[in-house]
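Trainee: Sending over a structure as structure tokens; questions will come in a sec.
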Amino acid sequence: MAKGRLIRVRGQVQGVGFRPFVWQLAQRMGLRGWVLNDAEGVLIAVAGGDLGAFEVALVAEAPALARVVAVEGTEWEPEESAEFEIRASGPAGAETGVTPDAATCPDCAEEIRSAGRRQGYAFANCTNCGPRFSILKALPYDRAQTTMAGFTLCPECAGEYADPGDRRFHAQPIACPACGPRLWFEGERGAQDGDAVALAAEALRAGKVLAIKGLGGFHLCVDATNTGAIDLLRARKHRPGKPLALMAGLELVKRHAQVTEAEEQRLRDPAAPIVLLRKGGAALPEALAPGQVQLGWMLPYTPLHHLLCDAMDRPLVMTSGNLSGQPQVIGNADAREKLAGFVDGFLMHDRDIARRLDDSVERADPPMVLRRARGRVPGTLPLPKGLPDAQVVAYGGQMKSAICLVKGGRALLGHHLGELDEALTWEAFQQADRDYAALFDHAPQAVAVDLHPDFRATRHGRARAEAEGLRLIEVQHHHAHMAAALGEAGWHPETPDDRAVGVILDGLGLGPDGSIWGGEVLLGDYRAVRRVAALRPAPLIGGDRAQAEPWRNALVRLDQAGLGDLAGRLFPQAPLALARQVAGSGVNAPASSSAGRLFDAVAGCLGICPMGQSYEGEAAMRLEALADLADQPIGAGGYAMSIEGAEIDPAPMIRAMAEDLDMGVVPGVIAARFHAGLAEAFATAARAAADEAGTRVIALSGGCFQNARLLREMTLRLDGYQLCLPREVPANDGGLAFGQALVALAQLESR
Amino acid sequence: LAHGGGGRAMRDLIEEVFTDVFLPPGSEDQARLMTGALQEPGAQLAFTTDSFVVTPLEFPGGDIGKLAVCGTVNDLAVGGAVPLWLSASFIIEEGTEIALLRRIVASMATEAAKAGVRIVTGDTKVVGRGSCDQVFITTAGVGVIAPGCDIRAEHIRPGDVAIVNGVLGDHGATILAARGDLALSTPLQSDCQPLNHLMQAVLAAAPDTRAARDATRGGLASALNEMAEAAGVTVEIEETALPLRAEVKGMCEILGLDPLYLANEGTLVVFVPEDQAEAALTAMRGTEAGRGAVVIGRAGPKGSVPAVMRTAFGGQRIVDMLVGEQLPRIC
Ligand SMILES: [Fe+3]
Ligand SMILES: [Mg+2]
Ligand SMILES: [Zn+2]
Ligand SMILES: [Zn+2]
């Protein structure tokens, strides 16, 4: 008898229809043997045909949601059986895989629109789509361990579940109107009879604000073409200016936005993220995103969304359902309690959300994940070569918090949690810490934290390290940002002397010298870095308060440039004299090289929310939009900064900007010249550092690189260098933990 | 001032500036005290000490002497004790003005009288220039806790109401303004005052008062954290209920400071059972130190952190202990 093959498949291969796919493949190719899930992934034993072709097809034809990381084959002595069968999980270990939530697949989207038992059903799904991580309560991933546990399968669904030829074979959340979750519309006086989607659509068309229970949380929803409804939502949510995310079918999106091929692909990704798209075509109310060139769009990603979008046939605002500053609401009772004052009705259902997951936010060009959440987690990332095979947990930053676990050469970068001083977010952080540890079967040797002692995440990590006797590794904020970009790009030192340059333009982080960093050129590797250049420091008047009020940053930069008088003219209503004293006294005015605050300074000078930002990053985002709106080309000359030794001084830039202001140059042009000038100065410093160190590798990271214009200006000026750019790992603090973990691994090795 | 070595000049100084003002006549090295209060079965002696260092020594609403008396009186008072006697010990830098010392000592005498305590023993040392900053004072205090009175943080239970006696942060803001780095002209005054009469009024009106603490260094935030941690509860305060002067608010805004962390020297927080809250509030408002008393929040079951603040928009912000100086964190 011919030898067979025993094939191990690793990666995201459980809960994605991999076994029925293998079964069907084997049927097609006339093979015999078996397939099963176990603790390491999928194990296949196969014999009786063209096994080479089989292995190729395993990867080439894998199901949509599968991510095959490795296929390893050995010889296998075939058994008697002539069949190919799907076997129950081996005794060697339970299934461990759980995949990210996935948008409704085309088949299911079609099914709910066609005659049949799932027509108009809001909870249809199959092995290629549907809820996963958001309904998971415990491992292994099995219906009984999800929030679907309470819904007993009807005979028809049970039949589909057991049929390897059905696309619902072993789809844990499978359901139908006879046995699955129920949808209803709830007004002020409780649940209403009738078609829930039709009632919701009617309310939306009447300009009402609704709370809609989605996959990872509640959304607040209004008709995006109705300015009055948008204003009402903004007033109730105390959210005057922050851009609101939109949802619509692809056709409709294209009517209101310019959509490139890459953008369309990203919109249609099973993760169904919010994708930033340039406005175009039919205009929508400016109130959706005041002062922005782009709008964030997502396609309907659950059957419920499909039904609602069909019924509305116009774009919907879908912003996270929360109180200002709080995380998204996920429970029905919580929604009724907390959102009652915000909304006129609820589109509710009785499938519980086990885990709060915000919508991911992404951009296609340059490709970048800005917020890593629903649909992306718990996906893993490969680690660069050359690091020790150790287990490390990294706790990230204070804002845009996310946890990262490293094991077996892969990193699990957890979902976006938010700002940790919010009590509910802090609880979510602790839950995530427990959840991911269980999910990854994790037993860390070391704990990595930021250098900042007052990050809640840092204190948590310290406490854990102390309690469990683990090694604590403190990582400088911008070293972590740099390591994240290097690691994602797979860079690894070929020789012990290999170095990379990092240009880290960021809000701020504590430096090893006790001062506040944020506009840095670093040189080093995963293990250690050295600061080779930085923005000239300026005081942060009032510490964190400086972040909220651009005039404070404008004042210090104008004063440094000898333009104190101009500050008086630009900000007549600000307490400048007192602020200057604070800056001089050092009462709460630490010096900082933050690049983010330089953006604020320039924005403030151009009259962009000088007295206060209504949301984090508003000034910088609007500054970027201003340059884009004015259609200023990338790569043109910018305001020069002076580079003397290790100091990059914006004073000459500020003076040139003031001259332009004086001559009445339009703000968009000034904004563009600022972006170009900043890129020019840092590119020059980076090239010098790279050339001197004999490296071609330059990493770009830090929150400022969420700015697409800055990133383009920068990459253009670093042509010919090997750039490491943040793509899947956010450039902002959402990617910090990944970098911390890499630094920790490198330091573990060097001990 | 150029005195040292315990010689004649020193003795003259002590007699002139200190002894005449508040030590009882007598030539022994120890105060000898009698009290009937302690003879009662179940009565407890309360004893505390604290050192006082402040720049500047004199500030609107007080000086280091007033601080040294009120601080120790209040440490006794918040434990339910009736303060009786204080000691006062001075370290004085050579060259310090006699007139300044006299003012400080006079202010101590006034405050002690207000609080109804006697300063019964003390000490002075003069040290060389640079060895201290003008004047450091250490006071110790003895008081008596009536039988049956046992207030302590561990007694706080979910449902208990938190009350403060008046506006927050005046002392911290006043000191900042008085340092002179900032040309802040504010009408602010330190809240420095003895709280023992107020505490006795609360205890009389709300016999089941659980615990009290003066919100000195580290502000209200630290006091709440310590108490909640000891009690195993989570305290939730309401941002909109916090009594703050507009001047303090304004100063915090420009300086980026959080009033919850500003020091107070005559402000306490007391936890009482809900059904005695009204009585406690009324009693407080009837005292000089408690006219501005308000409910700021309540204790609840233990959550993930000891203290949170419900913000104006309904969010729940964690109220932490202050760890060192506050470095900016917003990336
Ligand atoms: Fe950062
Ligand atoms: Mg004390
Ligand atoms: Zn499907
Ligand atoms: Zn069914």
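Just so we're on the same page: first chain in the structure tokens is A, next is B, and so on; residues restart at 1 for each chain, and ligands are numbered from 1 in the order they show up.
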Env of B:Ile296: 9 Å cut, atoms = only C-alpha atoms, seq-sep filter 5 positions within chain, self excluded. Answer as a list of chain:residue names.
Mentor: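 Those residues are B:Val161, B:Ala162, B:Ile163, B:Val164, B:Glu236, B:Ile237, B:Glu238, B:Glu239, B:Thr240, B:Ala241, B:Leu242, B:Pro243.
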Trainee: Grab the residues selected above and save them as a JSON list (two decimals), in the first residue's frame with C-alpha atoms.
Mentor:
[["chain", "number", "residue", "atom", "x", "y", "z"],
["B", 161, "VAL", "CA", -22.59, 59.24, 52.53],
["B", 162, "ALA", "CA", -19.45, 61.36, 52.09],
["B", 163, "ILE", "CA", -19.63, 64.94, 53.26],
["B", 164, "VAL", "CA", -17.01, 67.69, 53.10],
["B", 236, "GLU", "CA", -18.00, 57.45, 44.05],
["B", 237, "ILE", "CA", -18.02, 61.23, 44.10],
["B", 238, "GLU", "CA", -19.91, 63.57, 41.81],
["B", 239, "GLU", "CA", -17.89, 66.09, 39.84],
["B", 240, "THR", "CA", -20.78, 68.52, 39.82],
["B", 241, "ALA", "CA", -21.13, 68.32, 43.61],
["B", 242, "LEU", "CA", -17.55, 69.28, 44.43],
["B", 243, "PRO", "CA", -17.40, 72.66, 46.13]]
Trainee: Can you pull out every residue within 7 Å of stretch 462-476 of chain A, counting only C-alpha atoms, but drop anything in the same chain fewer than 2 positions away, and send it as a ChimeraX atom specification?
Mentor: /A:445-451,458-460,478-480,510-512,740,744
Trainee: Write the residues you've just listed into a file as a compact mmCIF listing (two decimals), in the first residue's frame, and include C-alpha atoms for each of them.
Mentor:
# COMPACT_ATOMS: atom_id res chain seq x y z
CA GLN A 445 8.66 35.11 31.71
CA ALA A 446 8.71 38.87 31.55
CA VAL A 447 6.39 41.84 31.74
CA ALA A 448 7.04 44.87 29.55
CA VAL A 449 5.73 48.31 30.47
CA ASP A 450 6.26 51.94 29.52
CA LEU A 451 8.82 53.98 31.41
CA THR A 458 2.63 50.47 33.87
CA ARG A 459 1.45 50.14 37.44
CA HIS A 460 -0.54 47.06 36.56
CA HIS A 478 9.52 56.01 21.50
CA HIS A 479 11.83 53.05 21.50
CA ALA A 480 8.65 50.95 21.65
CA LEU A 510 8.72 59.98 29.17
CA GLY A 511 12.39 59.94 28.19
CA PRO A 512 15.09 58.16 30.15
CA GLN A 740 7.41 46.85 24.06
CA ALA A 744 11.56 42.88 26.09
Trainee: For chain B, report every residue with an atom at most 12 Å from chain A (counting only C-alpha atoms), formatted as an MDAnalysis selection string.
Mentor: chainID B and resid 173 176:177 179:185 234 236 250:258 303:331
Trainee: Taking the DSSP assignment computed from this structure's backbone, write out as a short mmCIF file (atom, residue, chain, number, x, y, z; two decimals) with C-alpha atoms, in the first residue's frame all residues of stretch 235-311 of chain A that belong to strand (DSSP E).
Mentor:
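To be explicit, this is the file written out as selection-v9.cif:
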data_model
loop_
_atom_site.label_atom_id
_atom_site.label_comp_id
_atom_site.auth_asym_id
_atom_site.auth_seq_id
_atom_site.Cartn_x
_atom_site.Cartn_y
_atom_site.Cartn_z
CA LEU A 246 -20.93 56.12 8.28
CA MET A 247 -22.40 52.87 7.06
CA ILE A 274 -14.22 51.81 8.96
CA VAL A 275 -12.17 53.00 5.98
CA LEU A 276 -11.23 56.66 5.59
CA LEU A 277 -12.33 57.81 2.14
CA ARG A 278 -12.00 61.16 0.44
CA GLN A 294 -12.34 62.46 4.49
CA LEU A 295 -15.20 60.50 5.96
CA GLY A 296 -15.00 57.13 7.64
CA TRP A 297 -17.18 54.52 5.90
CA MET A 298 -17.96 50.91 6.58
#
Trainee: Select the residues contacting ligand 4 at a distance of at most 9 Å, based on only C-alpha atoms and all ligand atoms, then format the selection as a compact mmCIF listing (two decimals) with N, CA and C atoms, in the first residue's frame.
Mentor:
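Generated output (selection.txt):
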# COMPACT_ATOMS: atom_id res chain seq x y z
N ARG A 117 -36.22 30.01 4.68
CA ARG A 117 -36.50 30.19 6.11
C ARG A 117 -35.67 31.29 6.76
N PHE A 151 -29.50 29.26 23.02
CA PHE A 151 -30.39 28.99 21.89
C PHE A 151 -30.19 27.55 21.41
N THR A 152 -31.19 26.71 21.60
CA THR A 152 -31.06 25.31 21.21
C THR A 152 -31.37 25.15 19.73
N LEU A 153 -30.49 24.47 19.02
CA LEU A 153 -30.66 24.30 17.58
C LEU A 153 -31.95 23.57 17.25
N CYS A 154 -32.70 24.07 16.27
CA CYS A 154 -33.87 23.37 15.78
C CYS A 154 -33.38 22.22 14.88
N PRO A 155 -34.22 21.24 14.58
CA PRO A 155 -33.76 20.09 13.79
C PRO A 155 -33.13 20.51 12.47
N GLU A 156 -33.71 21.50 11.80
CA GLU A 156 -33.16 21.89 10.50
C GLU A 156 -31.75 22.47 10.66
N CYS A 157 -31.59 23.36 11.64
CA CYS A 157 -30.26 23.95 11.86
C CYS A 157 -29.28 22.86 12.29
N ALA A 158 -29.77 21.96 13.14
CA ALA A 158 -28.89 20.88 13.60
C ALA A 158 -28.41 20.05 12.43
N ILE A 174 -24.62 29.33 14.36
CA ILE A 174 -25.70 29.07 13.40
C ILE A 174 -27.07 29.28 14.06
N ALA A 175 -28.01 29.83 13.30
CA ALA A 175 -29.33 30.13 13.85
C ALA A 175 -30.34 30.36 12.73
N CYS A 176 -31.60 30.30 13.10
CA CYS A 176 -32.67 30.65 12.15
C CYS A 176 -33.82 31.24 12.97
N PRO A 177 -34.83 31.77 12.31
CA PRO A 177 -35.91 32.41 13.08
C PRO A 177 -36.58 31.45 14.06
N ALA A 178 -36.54 30.15 13.76
CA ALA A 178 -37.22 29.19 14.64
C ALA A 178 -36.46 28.96 15.93
N CYS A 179 -35.15 29.09 15.90
CA CYS A 179 -34.39 28.71 17.09
C CYS A 179 -33.39 29.77 17.55
N GLY A 180 -33.17 30.80 16.79
CA GLY A 180 -32.08 31.73 17.09
C GLY A 180 -32.52 33.01 17.77
Trainee: Counting only C-alpha atoms and all ligand atoms, which protein, DNA or RNA residues come within 9 Å of ligand 2, given as a list in words?
Mentor: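 My answer, listing the contacting residues, is Thr48, Thr49, Asp50, Ser51, Gly71, Thr72, Asn74, Asp75, Leu76, Asp214 and Thr216 of chain B.
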Trainee: Now that the selection is made, can you save its residues with N, CA and C atoms as an mmCIF file, in the first residue's frame?
Mentor:
data_model
loop_
_atom_site.group_PDB
_atom_site.id
_atom_site.type_symbol
_atom_site.label_atom_id
_atom_site.label_comp_id
_atom_site.auth_asym_id
_atom_site.auth_seq_id
_atom_site.Cartn_x
_atom_site.Cartn_y
_atom_site.Cartn_z
ATOM 1 N N THR B 48 -0.626 62.307 68.725
ATOM 2 C CA THR B 48 -0.158 62.428 67.344
ATOM 3 C C THR B 48 0.966 63.446 67.263
ATOM 4 N N THR B 49 1.749 63.367 66.209
ATOM 5 C CA THR B 49 2.782 64.386 65.999
ATOM 6 C C THR B 49 2.976 64.629 64.515
ATOM 7 N N ASP B 50 3.446 65.822 64.193
ATOM 8 C CA ASP B 50 3.597 66.210 62.799
ATOM 9 C C ASP B 50 4.631 67.332 62.715
ATOM 10 N N SER B 51 5.367 67.345 61.620
ATOM 11 C CA SER B 51 6.331 68.428 61.405
ATOM 12 C C SER B 51 5.818 69.327 60.302
ATOM 13 N N GLY B 71 -2.917 71.669 62.220
ATOM 14 C CA GLY B 71 -2.601 70.358 61.673
ATOM 15 C C GLY B 71 -2.704 69.279 62.726
ATOM 16 N N THR B 72 -2.100 69.537 63.873
ATOM 17 C CA THR B 72 -2.098 68.533 64.936
ATOM 18 C C THR B 72 -3.461 68.426 65.616
ATOM 19 N N ASN B 74 -6.249 68.927 64.154
ATOM 20 C CA ASN B 74 -7.146 68.233 63.227
ATOM 21 C C ASN B 74 -6.851 66.738 63.140
ATOM 22 N N ASP B 75 -5.578 66.391 63.266
ATOM 23 C CA ASP B 75 -5.247 64.962 63.259
ATOM 24 C C ASP B 75 -5.891 64.258 64.454
ATOM 25 N N LEU B 76 -5.982 64.962 65.580
ATOM 26 C CA LEU B 76 -6.669 64.400 66.741
ATOM 27 C C LEU B 76 -8.174 64.395 66.508
ATOM 28 N N ASP B 214 -8.836 64.442 57.471
ATOM 29 C CA ASP B 214 -8.604 65.765 56.905
ATOM 30 C C ASP B 214 -7.825 65.609 55.605
ATOM 31 N N THR B 216 -5.434 66.798 53.747
ATOM 32 C CA THR B 216 -4.268 67.682 53.691
ATOM 33 C C THR B 216 -3.438 67.396 52.453
#
